[in-house]
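The structure appears right after this line, and notes come after that.
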Amino acid sequence: AQTIHQWPVAEIKAVGSPLSLGCTIKGKSSPNLYWYWQATGGTLQQLFYSITVGQVESVVQLNLSASRPKDDQFILSTEKLLLSHSGFYLCAWSLGGEVFFGKGTRLTVV
Amino acid sequence: GEQVEQLPSSLIVQEGASVLINCSYTDSASVYFPWYKQEPGKRLQFIIDIRSNMERKQNQRLTLLFDKKTKHLSLHITATQPGDSAIYFCSASLNTGNYKYVFGAGTRLKVIA
């Protein structure tokens, strides 16, 4: 069975500090991978998608970057956090059609 | 780009009532519309979808209606239960192979026993 694992579960970080969030997908070959950001109150915004290793497309500009170093791994990062980066980050995968989401990482920037 | 509007933003109903969640989109090229449910503390979960060549789809107590002309969808939930309490999201994509999914802002449903 396919599984999606995100880490860490939660982070409290200072403004200006770097960030790295990770996601691995097991049990599926060459899935499409996504990063979403969920604002407090519920709105979901797609940040990045990747259809293959080494290729990542940005959907919105939020001073974040993403990379896919392996077929089953997706990384979200920034060198300098802003207060506006606070929220809930969701990694997801699909093979077209239904999207399967991870449990998310709660990020608080202080 | 595609925009998805979802209404209402919140609903409170008594157990057993039916609810209707509406969703409209702007890009007529969108052809695939999955819906998700997010229960408190749990991950987003797919509940039902519909493609633009269909008008209606049913999955147990869920009925999804699609009107291509008006670019409108509605999710009907019958015989609601407290376990249906969650945030419901509609989304739109240009096709199942497309990589951009635009989500509505969500409808927060609370079912009171």
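Simple scheme: letters A, B, ... for chains in structure tokens order, numbers from 1 for residues in each chain, numbers from 1 for ligands in the order shown.
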Write out as a list in words every residue belonging to chain A that has an atom at most 8 Å from any atom of chain B, counting only C-alpha atoms. Asn32, Gly42, Thr43, Leu44, Gln45, Gln46, Tyr49, Ser50, Ile51, Val59, Leu95, Gly96, Gly97, Glu98, Val99, Phe100, Phe101, Gly102, Lys103 and Gly104 of chain A
Since we have the selection now, will you write its residues out, keeping C-alpha atoms, as an mmCIF file, in the first residue's frame?
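The resulting part-v6.cif:
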```cif
data_model
loop_
_atom_site.group_PDB
_atom_site.id
_atom_site.type_symbol
_atom_site.label_atom_id
_atom_site.label_comp_id
_atom_site.auth_asym_id
_atom_site.auth_seq_id
_atom_site.Cartn_x
_atom_site.Cartn_y
_atom_site.Cartn_z
ATOM 1 C CA ASN A 32 3.044 13.599 -9.428
ATOM 2 C CA GLY A 42 -8.904 26.681 5.672
ATOM 3 C CA THR A 43 -8.019 28.023 2.195
ATOM 4 C CA LEU A 44 -5.765 25.640 0.258
ATOM 5 C CA GLN A 45 -3.174 27.079 -2.098
ATOM 6 C CA GLN A 46 -1.069 24.926 -4.386
ATOM 7 C CA TYR A 49 4.155 20.483 -8.422
ATOM 8 C CA SER A 50 6.604 17.972 -9.813
ATOM 9 C CA ILE A 51 5.991 15.326 -12.429
ATOM 10 C CA VAL A 59 2.474 27.822 -8.975
ATOM 11 C CA LEU A 95 -1.168 9.599 -10.697
ATOM 12 C CA GLY A 96 -3.778 11.803 -12.300
ATOM 13 C CA GLY A 97 -7.197 12.135 -10.768
ATOM 14 C CA GLU A 98 -7.571 11.782 -7.034
ATOM 15 C CA VAL A 99 -4.919 13.500 -4.937
ATOM 16 C CA PHE A 100 -3.719 11.834 -1.724
ATOM 17 C CA PHE A 101 -2.557 14.099 1.051
ATOM 18 C CA GLY A 102 -0.094 13.739 3.872
ATOM 19 C CA LYS A 103 -0.893 14.679 7.447
ATOM 20 C CA GLY A 104 0.847 18.008 7.091
#
```
Env of Asp72 (chain A): 7 Å cut, atoms = only C-alpha atoms, seq-sep filter 6 positions within chain, self excluded. Answer as a PDB file with C-alpha atoms, in the first residue's frame.
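The resulting selection28.pdb:
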```
ATOM      1  CA  THR A  24       8.347  10.816   1.084  1.00  0.00           C
ATOM      2  CA  ILE A  25       5.957   8.610  -0.838  1.00  0.00           C
ATOM      3  CA  LYS A  26       6.322   4.871  -0.715  1.00  0.00           C
TER       4      LYS A  26
END
```
Would you mind telling me which residue in A:Pro31, A:Gly22, A:Pro69, A:Gly16 lies nearest to Ser84 (chain A) when using only C-alpha atoms? A:Gly16
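Counting only C-alpha atoms, the residue from A:Thr3, A:Ser17, A:Glu11, A:Ser29 that sits nearest to Glu79 (chain A) is A:Ser17.
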Where in chain B does DSSP assign strand (DSSP E or B), given as a VMD selection string? chain B and resid 4 to 7 10 to 14 19 to 25 32 to 38 45 to 51 56 to 59 62 to 67 72 to 77 86 to 93 101 to 103 107 to 112
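All residues of protein, DNA or RNA that reach within 12 Å of Gln61 (chain A), judged by only C-alpha atoms and not counting those fewer than 4 positions away in the chain, are A:Trp37, A:Gln45, A:Gln46, A:Leu47, A:Phe48, A:Glu57, A:Ser65, A:Ala66, A:Thr78, A:His85.
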Export N, CA and C atoms of the chosen residues as a PDB file, in the first residue's frame?
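Listed below is the output, result_18.pdb:
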```pdb
ATOM      1  N   TRP A  37      -0.256  24.870   0.680  1.00  0.00           N
ATOM      2  CA  TRP A  37      -0.217  25.646   1.922  1.00  0.00           C
ATOM      3  C   TRP A  37      -1.663  25.925   2.317  1.00  0.00           C
ATOM      4  N   GLN A  45      -3.863  26.478  -0.961  1.00  0.00           N
ATOM      5  CA  GLN A  45      -3.174  27.079  -2.098  1.00  0.00           C
ATOM      6  C   GLN A  45      -2.080  26.136  -2.577  1.00  0.00           C
ATOM      7  N   GLN A  46      -2.127  25.769  -3.845  1.00  0.00           N
ATOM      8  CA  GLN A  46      -1.069  24.926  -4.386  1.00  0.00           C
ATOM      9  C   GLN A  46       0.194  25.767  -4.561  1.00  0.00           C
ATOM     10  N   LEU A  47       1.335  25.267  -4.095  1.00  0.00           N
ATOM     11  CA  LEU A  47       2.585  26.002  -4.175  1.00  0.00           C
ATOM     12  C   LEU A  47       3.467  25.500  -5.319  1.00  0.00           C
ATOM     13  N   PHE A  48       3.655  24.193  -5.376  1.00  0.00           N
ATOM     14  CA  PHE A  48       4.553  23.572  -6.354  1.00  0.00           C
ATOM     15  C   PHE A  48       3.965  22.252  -6.817  1.00  0.00           C
ATOM     16  N   GLU A  57       7.808  22.736 -10.707  1.00  0.00           N
ATOM     17  CA  GLU A  57       7.186  23.948 -11.229  1.00  0.00           C
ATOM     18  C   GLU A  57       6.546  24.722 -10.085  1.00  0.00           C
ATOM     19  N   SER A  65      11.032  27.554  -2.053  1.00  0.00           N
ATOM     20  CA  SER A  65      11.503  26.753  -3.175  1.00  0.00           C
ATOM     21  C   SER A  65      11.248  25.277  -2.861  1.00  0.00           C
ATOM     22  N   ALA A  66      11.228  24.479  -3.899  1.00  0.00           N
ATOM     23  CA  ALA A  66      10.991  23.052  -3.723  1.00  0.00           C
ATOM     24  C   ALA A  66      11.950  22.276  -4.612  1.00  0.00           C
ATOM     25  N   THR A  78      13.239  27.241   2.366  1.00  0.00           N
ATOM     26  CA  THR A  78      13.544  28.642   2.170  1.00  0.00           C
ATOM     27  C   THR A  78      14.756  28.981   3.021  1.00  0.00           C
ATOM     28  N   HIS A  85       4.810  33.100   6.293  1.00  0.00           N
ATOM     29  CA  HIS A  85       4.972  31.677   5.969  1.00  0.00           C
ATOM     30  C   HIS A  85       4.268  30.758   6.970  1.00  0.00           C
TER      31      HIS A  85
END
```
Near Trp7 (chain A), counting only C-alpha atoms, which residues have an atom at most 7 Å away, once you skip same-chain residues fewer than 6 positions from it, shown as a list of chain:residue names? A:Leu21, A:Gly22, A:Cys23, A:Thr105
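Interatomic distance, CA of Gly83 (chain B) against CA of Gln3 (chain B): 29.5 Å.
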Neighbour list for Leu109 (chain B) as number ranges by chain, cut-off 9 Å, only C-alpha atoms, skip fewer than 4 positions in-chain: B: 9-13, 19, 84-88
